[in-house]
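*Asks:* Here you go, this is query04.txt (compact mmCIF, C-alpha atoms).
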# COMPACT_ATOMS: atom_id res chain seq x y z
CA MET G 1 -84.67 54.31 -17.30
CA SER G 2 -84.06 54.66 -13.57
CA LYS G 3 -86.88 54.18 -11.13
CA VAL G 4 -88.27 57.26 -9.39
CA LYS G 5 -88.37 56.92 -5.62
CA TYR G 6 -90.71 58.79 -3.24
CA TYR G 7 -90.91 59.40 0.46
CA TYR G 8 -93.95 60.40 2.69
CA ASP G 9 -93.79 63.90 4.09
CA SER G 10 -95.75 63.95 7.37
CA GLU G 11 -95.95 67.71 7.44
CA THR G 12 -97.68 68.04 4.11
CA LEU G 13 -99.33 64.68 4.35
CA SER G 14 -98.19 63.86 0.85
CA TYR G 15 -95.53 61.85 -1.05
CA ARG G 16 -92.53 63.71 -2.34
CA LYS G 17 -90.06 62.67 -4.94
CA ILE G 18 -86.60 61.66 -3.61
CA GLU G 19 -84.00 63.84 -5.22
CA GLN G 20 -80.47 62.31 -5.24
CA LYS G 21 -77.58 64.69 -4.63
CA LYS G 22 -74.88 64.88 -7.27
CA GLY G 23 -72.06 64.72 -4.68
CA ARG G 24 -73.41 61.54 -3.19
CA LYS G 25 -73.49 59.88 -6.59
CA LEU G 26 -69.90 60.85 -7.15
CA GLY G 27 -68.89 59.43 -3.77
CA ILE G 28 -70.55 56.15 -4.50
CA VAL G 29 -68.73 55.95 -7.84
CA LEU G 30 -65.40 56.76 -6.24
CA LEU G 31 -66.01 54.28 -3.45
CA SER G 32 -66.80 51.58 -6.01
CA LEU G 33 -63.66 52.37 -7.96
CA LEU G 34 -61.60 52.26 -4.79
CA GLY G 35 -63.09 48.91 -3.90
CA ILE G 36 -62.27 47.58 -7.34
CA PHE G 37 -58.70 48.94 -7.10
CA LEU G 38 -58.13 47.42 -3.67
CA SER G 39 -59.55 44.10 -4.78
CA GLY G 40 -57.26 44.13 -7.84
CA PHE G 41 -54.27 45.05 -5.70
CA VAL G 42 -54.97 42.22 -3.27
CA LEU G 43 -55.39 39.77 -6.13
CA LEU G 44 -52.12 41.03 -7.69
CA VAL G 45 -50.21 40.57 -4.41
CA ILE G 46 -51.64 37.06 -4.06
CA TYR G 47 -50.69 36.26 -7.65
CA LEU G 48 -47.13 37.56 -7.26
CA ASN G 49 -46.61 35.63 -4.03
CA LEU G 50 -48.27 32.48 -5.23
CA PRO G 51 -44.87 30.75 -6.00
CA TYR G 52 -43.83 31.32 -2.38
CA VAL G 53 -46.90 29.74 -0.97
CA GLU G 54 -45.92 26.13 -0.31
CA THR G 55 -48.18 23.17 -0.02
CA PRO G 56 -47.35 20.45 2.55
CA LYS G 57 -46.10 18.23 -0.28
CA GLU G 58 -43.84 20.99 -1.60
CA LYS G 59 -42.47 21.55 1.90
CA ALA G 60 -41.69 17.82 2.25
CA LEU G 61 -39.94 17.76 -1.15
CA LYS G 62 -37.95 20.85 -0.22
CA ARG G 63 -36.76 19.22 3.00
CA GLU G 64 -35.82 16.08 1.08
CA LEU G 65 -33.87 18.14 -1.46
CA ALA G 66 -32.01 19.99 1.31
CA ASN G 67 -31.16 16.66 2.94
CA MET G 68 -29.85 15.29 -0.37
CA GLU G 69 -27.69 18.39 -0.85
CA LEU G 70 -26.27 17.88 2.64
CA GLN G 71 -25.59 14.20 1.92
CA TYR G 72 -23.88 15.14 -1.34
CA GLU G 73 -21.66 17.62 0.50
CA LEU G 74 -20.77 15.00 3.11
CA LEU G 75 -20.02 12.50 0.33
CA ASN G 76 -17.69 15.01 -1.31
CA ARG G 77 -15.86 15.56 1.96
CA LYS G 78 -15.43 11.82 2.47
CA MET G 79 -14.12 11.46 -1.09
CA ASP G 80 -11.67 14.32 -0.45
CA GLN G 81 -10.44 12.51 2.68
CA ALA G 82 -10.18 9.19 0.84
CA GLU G 83 -8.21 10.82 -2.00
CA THR G 84 -5.82 12.40 0.52
CA VAL G 85 -5.24 9.09 2.32
CA LEU G 86 -4.72 7.23 -0.96
CA ASP G 87 -2.29 9.90 -2.18
CA GLN G 88 -0.26 9.56 1.03
CA LEU G 89 -0.31 5.78 0.78
CA ALA G 90 0.72 5.91 -2.89
CA ASP G 91 3.61 8.23 -1.99
CA ARG G 92 4.88 5.85 0.71
CA ASP G 93 4.33 2.91 -1.61
CA ASN G 94 6.36 4.41 -4.47
CA ASN G 95 9.09 6.12 -2.44
CA LEU G 96 9.53 3.72 0.46
CA TYR G 97 8.14 0.22 0.09
CA ARG G 98 8.82 -0.29 -3.62
CA VAL G 99 12.25 1.37 -3.36
CA TYR G 100 13.23 -0.87 -0.43
CA PHE G 101 12.16 -4.02 -2.25
CA GLU G 102 13.64 -2.86 -5.56
CA ALA G 103 10.31 -2.71 -7.41
CA ASN G 104 9.46 -0.12 -10.05
CA PRO G 105 7.15 2.70 -8.85
CA ILE G 106 3.60 2.80 -10.22
CA PRO G 107 3.10 5.88 -12.49
CA GLU G 108 0.64 8.54 -11.32
CA ASN G 109 -1.38 8.35 -14.55
CA GLN G 110 -1.85 4.63 -14.01
CA ARG G 111 -3.06 5.10 -10.44
CA LYS G 112 -5.57 7.85 -11.28
CA ALA G 113 -6.62 6.90 -14.79
CA GLY G 114 -10.30 7.12 -15.66
CA PHE G 115 -12.28 4.79 -17.88
CA GLY G 116 -12.17 5.31 -21.62
CA GLY G 117 -14.36 3.94 -24.36
CA VAL G 118 -18.11 3.62 -23.77
CA ASN G 119 -19.89 6.38 -21.85
CA ARG G 120 -20.46 4.70 -18.48
CA TYR G 121 -22.72 7.48 -17.22
CA GLN G 122 -25.21 7.86 -20.07
CA GLU G 123 -28.18 6.76 -17.96
CA LEU G 124 -27.40 9.55 -15.45
CA GLU G 125 -27.60 12.35 -18.02
CA GLY G 126 -30.62 14.51 -18.86
CA PHE G 127 -31.67 15.42 -15.32
CA ASP G 128 -31.52 18.74 -13.46
CA ASN G 129 -28.51 17.69 -11.36
CA SER G 130 -26.90 15.31 -13.86
CA LYS G 131 -23.56 17.12 -13.75
CA LEU G 132 -23.26 16.70 -9.99
CA VAL G 133 -24.34 13.05 -10.06
CA VAL G 134 -22.02 12.14 -12.97
CA ASN G 135 -19.08 13.91 -11.31
CA ALA G 136 -19.70 12.02 -8.06
CA HIS G 137 -19.85 8.68 -9.89
CA LYS G 138 -16.63 9.46 -11.76
CA ARG G 139 -14.79 10.28 -8.52
CA ILE G 140 -16.06 7.10 -6.87
CA ASP G 141 -15.00 5.00 -9.88
CA ILE G 142 -11.51 6.54 -9.91
CA LEU G 143 -11.20 6.02 -6.14
CA THR G 144 -12.28 2.40 -6.57
CA LYS G 145 -9.66 1.89 -9.27
CA GLN G 146 -6.99 3.52 -7.09
CA ILE G 147 -7.89 1.16 -4.26
CA VAL G 148 -7.62 -1.85 -6.60
CA VAL G 149 -4.23 -0.67 -7.93
CA GLN G 150 -2.95 -0.01 -4.40
CA SER G 151 -4.28 -3.33 -3.14
CA ARG G 152 -2.46 -5.21 -5.90
CA SER G 153 0.69 -3.22 -5.17
CA LEU G 154 0.53 -4.12 -1.48
CA ASP G 155 0.00 -7.77 -2.41
CA GLU G 156 3.14 -7.52 -4.53
CA ILE G 157 5.03 -5.80 -1.70
CA ALA G 158 3.90 -8.50 0.74
CA GLN G 159 5.23 -11.16 -1.62
CA LEU G 160 8.49 -9.26 -2.08
CA ALA G 161 8.77 -8.87 1.70
CA GLU G 162 8.22 -12.59 2.18
CA ASN G 163 10.85 -13.34 -0.45
CA LYS G 164 13.18 -10.77 1.13
CA GLU G 165 12.71 -12.42 4.52
CA LYS G 166 13.43 -15.82 3.01
CA LEU G 167 16.45 -14.39 1.20
CA LEU G 168 17.86 -12.84 4.38
CA ALA G 169 17.36 -16.16 6.20
CA ALA G 170 18.90 -18.12 3.31
CA ILE G 171 22.09 -16.11 2.81
CA PRO G 172 25.06 -17.89 4.48
CA ALA G 173 25.52 -15.09 7.01
CA ILE G 174 27.31 -16.59 10.02
CA GLN G 175 30.68 -18.16 10.67
CA PRO G 176 30.22 -21.96 10.67
CA VAL G 177 32.55 -22.47 13.64
CA ARG G 178 32.26 -20.32 16.74
CA ASN G 179 35.20 -18.07 17.56
CA GLU G 180 35.67 -19.59 21.01
CA ASP G 181 36.12 -23.03 19.40
CA LEU G 182 38.80 -21.92 16.94
CA THR G 183 42.48 -22.67 17.34
CA ARG G 184 43.16 -20.19 14.55
CA MET G 185 41.91 -19.07 11.15
CA ALA G 186 44.43 -21.03 9.09
CA SER G 187 43.83 -19.83 5.57
CA GLY G 188 41.54 -17.52 3.62
CA TYR G 189 40.16 -17.14 0.10
CA GLY G 190 42.83 -16.49 -2.53
CA TYR G 191 46.24 -17.72 -3.63
CA ARG G 192 47.90 -19.94 -1.00
CA THR G 193 50.66 -22.56 -0.83
CA ASP G 194 49.40 -26.12 -1.32
CA PRO G 195 50.41 -28.24 1.75
CA PHE G 196 51.13 -31.30 -0.39
CA THR G 197 52.68 -29.95 -3.61
CA LYS G 198 54.02 -26.69 -2.09
CA ALA G 199 52.86 -24.99 -5.30
CA ARG G 200 51.06 -21.66 -5.22
CA LYS G 201 47.42 -22.24 -6.15
CA PHE G 202 44.05 -20.62 -5.61
CA HIS G 203 42.29 -21.58 -2.40
CA TRP G 204 38.51 -21.37 -3.02
CA GLY G 205 37.32 -21.28 0.58
CA MET G 206 38.30 -20.55 4.17
CA ASP G 207 40.00 -22.97 6.59
CA PHE G 208 39.03 -22.84 10.28
CA THR G 209 41.44 -24.77 12.49
CA ALA G 210 39.71 -26.44 15.45
CA PRO G 211 40.03 -29.68 17.43
CA ARG G 212 38.50 -32.87 16.05
CA GLY G 213 34.82 -33.05 17.03
CA THR G 214 34.27 -29.27 17.22
CA PRO G 215 30.62 -28.43 16.28
CA ILE G 216 29.90 -27.04 12.82
CA TYR G 217 26.78 -24.94 12.26
CA ALA G 218 24.68 -24.22 9.16
CA SER G 219 25.40 -20.68 8.02
CA GLY G 220 21.90 -20.16 6.57
CA ASP G 221 18.48 -21.78 6.10
CA GLY G 222 18.32 -24.42 3.41
CA VAL G 223 18.14 -28.08 2.43
CA VAL G 224 21.02 -30.55 2.67
CA SER G 225 21.76 -31.57 -0.91
CA ARG G 226 24.76 -33.80 -0.09
CA ALA G 227 26.18 -35.47 3.00
CA ASP G 228 28.77 -37.97 1.72
CA ASN G 229 32.45 -38.51 0.94
CA THR G 230 32.29 -39.12 -2.81
CA ALA G 231 33.69 -35.74 -3.92
CA SER G 232 37.42 -35.79 -4.61
CA GLY G 233 39.54 -34.16 -1.90
CA TYR G 234 36.69 -33.02 0.37
CA GLY G 235 36.36 -36.24 2.39
CA ASN G 236 33.22 -36.23 4.49
CA HIS G 237 31.43 -33.11 3.42
CA ILE G 238 28.02 -31.43 3.43
CA ARG G 239 26.43 -29.18 0.85
CA ILE G 240 23.42 -27.00 1.70
CA GLU G 241 21.21 -25.46 -0.98
CA HIS G 242 19.94 -22.16 0.44
CA GLY G 243 17.89 -20.98 -2.53
CA PHE G 244 18.22 -17.69 -4.41
CA GLY G 245 21.36 -19.13 -6.04
CA TYR G 246 23.29 -19.61 -2.76
CA GLU G 247 25.03 -22.83 -1.69
CA SER G 248 27.50 -23.57 1.11
CA LEU G 249 30.01 -26.43 1.47
CA TYR G 250 31.55 -27.87 4.66
CA ALA G 251 34.45 -30.28 4.08
CA HIS G 252 36.82 -32.70 5.93
CA LEU G 253 34.20 -33.52 8.59
CA TYR G 254 34.72 -36.12 11.29
CA LYS G 255 31.02 -37.09 11.15
CA TYR G 256 27.61 -35.79 10.12
CA ASN G 257 24.66 -34.63 12.18
CA VAL G 258 22.29 -34.27 9.18
CA ARG G 259 21.24 -36.36 6.20
CA GLN G 260 20.55 -35.61 2.54
CA GLY G 261 17.18 -33.90 1.98
CA GLN G 262 16.95 -32.58 5.53
CA LYS G 263 15.82 -28.97 6.05
CA VAL G 264 18.06 -26.92 8.33
CA LYS G 265 17.93 -23.47 9.89
CA ARG G 266 20.78 -21.03 10.34
CA GLY G 267 22.71 -22.07 13.46
CA ASP G 268 21.64 -25.74 13.39
CA LEU G 269 24.35 -28.26 14.28
CA ILE G 270 25.15 -30.14 11.05
CA GLY G 271 28.46 -31.94 11.75
CA PHE G 272 31.82 -32.00 13.49
CA VAL G 273 35.33 -30.91 12.53
CA GLY G 274 37.62 -33.66 11.24
CA SER G 275 40.50 -34.27 8.85
CA THR G 276 39.06 -36.60 6.21
CA GLY G 277 39.92 -36.40 2.52
CA ARG G 278 42.79 -34.26 1.29
CA SER G 279 43.59 -32.61 4.63
CA GLU G 280 46.77 -32.05 6.59
CA ALA G 281 45.21 -31.44 10.04
CA PRO G 282 41.78 -31.15 11.70
CA HIS G 283 39.98 -28.14 10.28
CA LEU G 284 36.83 -27.07 8.47
CA HIS G 285 37.15 -26.08 4.83
CA TYR G 286 34.21 -23.78 4.07
CA GLU G 287 33.06 -22.51 0.67
CA VAL G 288 30.17 -20.33 -0.54
CA PHE G 289 28.68 -20.45 -4.06
CA LYS G 290 26.44 -17.92 -5.79
CA ASP G 291 24.78 -19.02 -9.03
CA GLY G 292 27.31 -21.85 -9.30
CA GLU G 293 30.36 -19.58 -8.88
CA ARG G 294 32.60 -19.66 -5.80
CA ILE G 295 32.70 -16.35 -3.90
CA ASN G 296 34.68 -15.16 -0.90
CA PRO G 297 32.90 -16.33 2.31
CA ILE G 298 34.44 -13.42 4.25
CA ASN G 299 31.75 -11.16 2.78
CA PHE G 300 28.96 -12.97 4.62
CA TYR G 301 29.96 -13.00 8.30
CA TYR G 302 27.71 -10.13 9.36
CA GLY G 303 25.38 -12.42 11.29
CA ASN G 304 27.45 -13.31 14.35
CA LEU G 305 30.66 -11.26 14.36
CA THR G 306 31.23 -7.82 15.84
CA ALA G 307 32.95 -5.17 13.76
CA GLU G 308 36.19 -5.75 15.70
CA GLU G 309 36.03 -9.54 15.27
CA PHE G 310 35.33 -9.16 11.58
CA ALA G 311 38.30 -6.79 11.15
CA VAL G 312 40.62 -9.33 12.80
CA LEU G 313 39.22 -12.18 10.69
CA LEU G 314 39.58 -10.14 7.52
CA GLU G 315 43.21 -9.34 8.28
CA LYS G 316 44.06 -12.99 8.95
CA SER G 317 42.20 -14.24 5.89
CA GLN G 318 44.23 -11.94 3.64
CA GLN G 319 47.57 -13.32 4.80
CA GLU G 320 49.11 -15.45 2.07
CA ASN G 321 50.18 -18.60 3.93
CA GLN G 322 49.86 -22.34 3.54
CA SER G 323 46.41 -23.85 3.38
CA LEU G 324 45.50 -27.10 5.13
CA ASP G 325 43.94 -28.79 2.09
Starting from the file, lay out its structure as structure tokens.

*Replies:*
Amino acid sequence: MSKVKYYYDSETLSYRKIEQKKGRKLGIVLLSLLGIFLSGFVLLVIYLNLPYVETPKEKALKRELANMELQYELLNRKMDQAETVLDQLADRDNNLYRVYFEANPIPENQRKAGFGGVNRYQELEGFDNSKLVVNAHKRIDILTKQIVVQSRSLDEIAQLAENKEKLLAAIPAIQPVRNEDLTRMASGYGYRTDPFTKARKFHWGMDFTAPRGTPIYASGDGVVSRADNTASGYGNHIRIEHGFGYESLYAHLYKYNVRQGQKVKRGDLIGFVGSTGRSEAPHLHYEVFKDGERINPINFYYGNLTAEEFAVLLEKSQQENQSLD
């Protein structure tokens, strides 16, 4: 039951009952409802925007996440660059270096193969960004393997290059007597007339006619395996083992300038022209062996003859005449 309120009327000098107007009551009710509605609306807006209201800790984590995303993007770019460089290097390796040194190319699937068997990335799974992290680790592992494969290939190429350099230095590639010291090129490789029996027989080397005492030079790097006169017919002679199956022989020498076991370089003075052994006149008899078989020395004079000089020497060496030994 509502309380009855009164007010003092000064005109009548009495208390009168306060009568509330119906319109005022309605206004108060409406105002209350409006207040409730506005309060609810404000609370609703706050509730809906609550996820967007960040605490300092959330802001710090968000910055850290953005930085990690940036670092991941930079890492991807660096891996892209590394893959491009490795692909270019692999292409040069297969199509240039390994071709030049006669080595088999490395297959693409071998260079870029992954890792089979046990799941290497199990501990990285189960997180929000596991796919990104696993993918990055896989790319890094494959890049690492490519680098290892390429490194081993370059080690192999370096060894092949060293062997190639040694081979090029070892091949008997120069004429053992200088052109200016020659009287003439007396006889070449092939069938010639024997100076003693006058029979036609195969001449296994080349004869360079020169005065007694003319310098003789090593035609390639190697080790002197013989410097004696115990081989039948050769007189004082020198043999040089060049390696890679090559050997050169210098016969009918006047005297030696090297000894057995001595290392020599291409162009070193090893002896002097003479006429010892089975020889008709002072000259150098020169032979080249490959894997124990005699081969034509004319094929190796690219080291100190011009094209014109070689053409002249080739023509003379092919003339079937009488040898000097």

*Asks:* Separation of atom CA of Leu160 of chain G and atom CA of Ile142 of chain G, in Å?

*Replies:*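 Distance between the two atoms: 26.7 Å.
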
*Asks:* Do you know which residues are at most 12 Å from Glu73 of chain G counting all atoms listed in the file, after dropping those on the same chain fewer than 6 positions away, and could you put them as number ranges by chain?

*Replies:* G: 66-67, 79-80, 132-133, 136

*Asks:* Within 6 Å of (36.4, -33.4, 15.1), only C-alpha atoms: residues as a PyMOL selection string?

*Replies:* chain G and resi 211-214+254+272-274

*Asks:* One decimal, in Å: what's the spacing between atom CA of Gln71 of chain G and atom CA of Asp141 of chain G?

*Replies:* 18.3 Å

*Asks:* Using Å and a single decimal, report how far atom CA of Phe208 of chain G sits from atom CA of Ala281 of chain G.

*Replies:*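 Separating atom CA of Ala281 of chain G from atom CA of Phe208 of chain G is a distance of 10.6 Å.
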
*Asks:* When distances are computed from only C-alpha atoms, which of G:Asp181, G:Tyr72, G:Gln88, G:His237 shows the smallest separation from His137 of chain G?

*Replies:*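 That would be G:Tyr72, the residue with the smallest distance to His137 of chain G.
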
*Asks:* Quick one: everything within 9 Å of Gly233 of chain G, counting all atoms listed in the file, minus sequence neighbours fewer than 5 positions away in the same chain. Send it as a PDB file with C-alpha atoms, in the frame of the given file.

*Replies:*
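Produced file part.pdb, reproduced below:
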ATOM      1  CA  ALA G 251      34.450 -30.280   4.080  1.00  0.00           C
ATOM      2  CA  HIS G 252      36.820 -32.700   5.930  1.00  0.00           C
ATOM      3  CA  THR G 276      39.060 -36.600   6.210  1.00  0.00           C
ATOM      4  CA  GLY G 277      39.920 -36.400   2.520  1.00  0.00           C
ATOM      5  CA  ARG G 278      42.790 -34.260   1.290  1.00  0.00           C
ATOM      6  CA  SER G 279      43.590 -32.610   4.630  1.00  0.00           C
ATOM      7  CA  ASP G 325      43.940 -28.790   2.090  1.00  0.00           C
TER       8      ASP G 325
END

*Asks:* Smallest atom-to-atom distance to Leu182 of chain G: which of G:Arg16, G:Arg152, G:His283, G:Arg77, using all atoms listed in the file?

*Replies:* G:His283

*Asks:* So which one's closest to Leu269 of chain G, G:Tyr97, G:Trp204, G:Tyr217, G:Phe37? Using all atoms listed in the file, please.

*Replies:*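 Selected residue with least distance to Leu269 of chain G: G:Tyr217.
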
*Asks:* Restricting the calculation to only C-alpha atoms, which member of G:Lys290, G:Lys138, G:Asn129, G:Val177 is positioned closest to Glu69 of chain G?

*Replies:*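 Of G:Lys290, G:Lys138, G:Asn129, G:Val177, the one nearest Glu69 of chain G is G:Asn129, counting only C-alpha atoms.
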
*Asks:* For Met206 of chain G, which residue among G:Arg178, G:Lys164, G:His285, G:Lys263 is the nearest when counting all atoms listed in the file?

*Replies:*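 Between G:Arg178, G:Lys164, G:His285, G:Lys263, the residue approaching Met206 of chain G most closely is G:His285.
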
*Asks:* Would you pick out the contacts of Ile171 of chain G at 7 Å or less, using all atoms listed in the file, so that residues sharing its chain but fewer than 3 positions from it are not included, and give the list as a list in words?

*Replies:*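 Contacts, in chain order: Leu167, Leu168, Gly220, His242 and Tyr246 of chain G.
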
*Asks:* Hey, which of G:Gly205, G:Ile240, G:Asn179, G:Glu247 ends up closest to Arg259 of chain G? Count all atoms listed in the file.

*Replies:* G:Ile240

*Asks:* Fewer than 3 positions away in the same chain doesn't count, so skip those; otherwise give me all residues within 8 Å of segment 83-86 of chain G, counting only C-alpha atoms, as a JSON list (two decimals) with C-alpha atoms, in the coordinates of the input.

*Replies:*
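Heads up, here's the output in around-v8.json:
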[["chain", "number", "residue", "atom", "x", "y", "z"],
["G", 79, "MET", "CA", -14.12, 11.46, -1.09],
["G", 80, "ASP", "CA", -11.67, 14.32, -0.45],
["G", 89, "LEU", "CA", -0.31, 5.78, 0.78],
["G", 90, "ALA", "CA", 0.72, 5.91, -2.89],
["G", 143, "LEU", "CA", -11.20, 6.02, -6.14],
["G", 146, "GLN", "CA", -6.99, 3.52, -7.09],
["G", 147, "ILE", "CA", -7.89, 1.16, -4.26]]
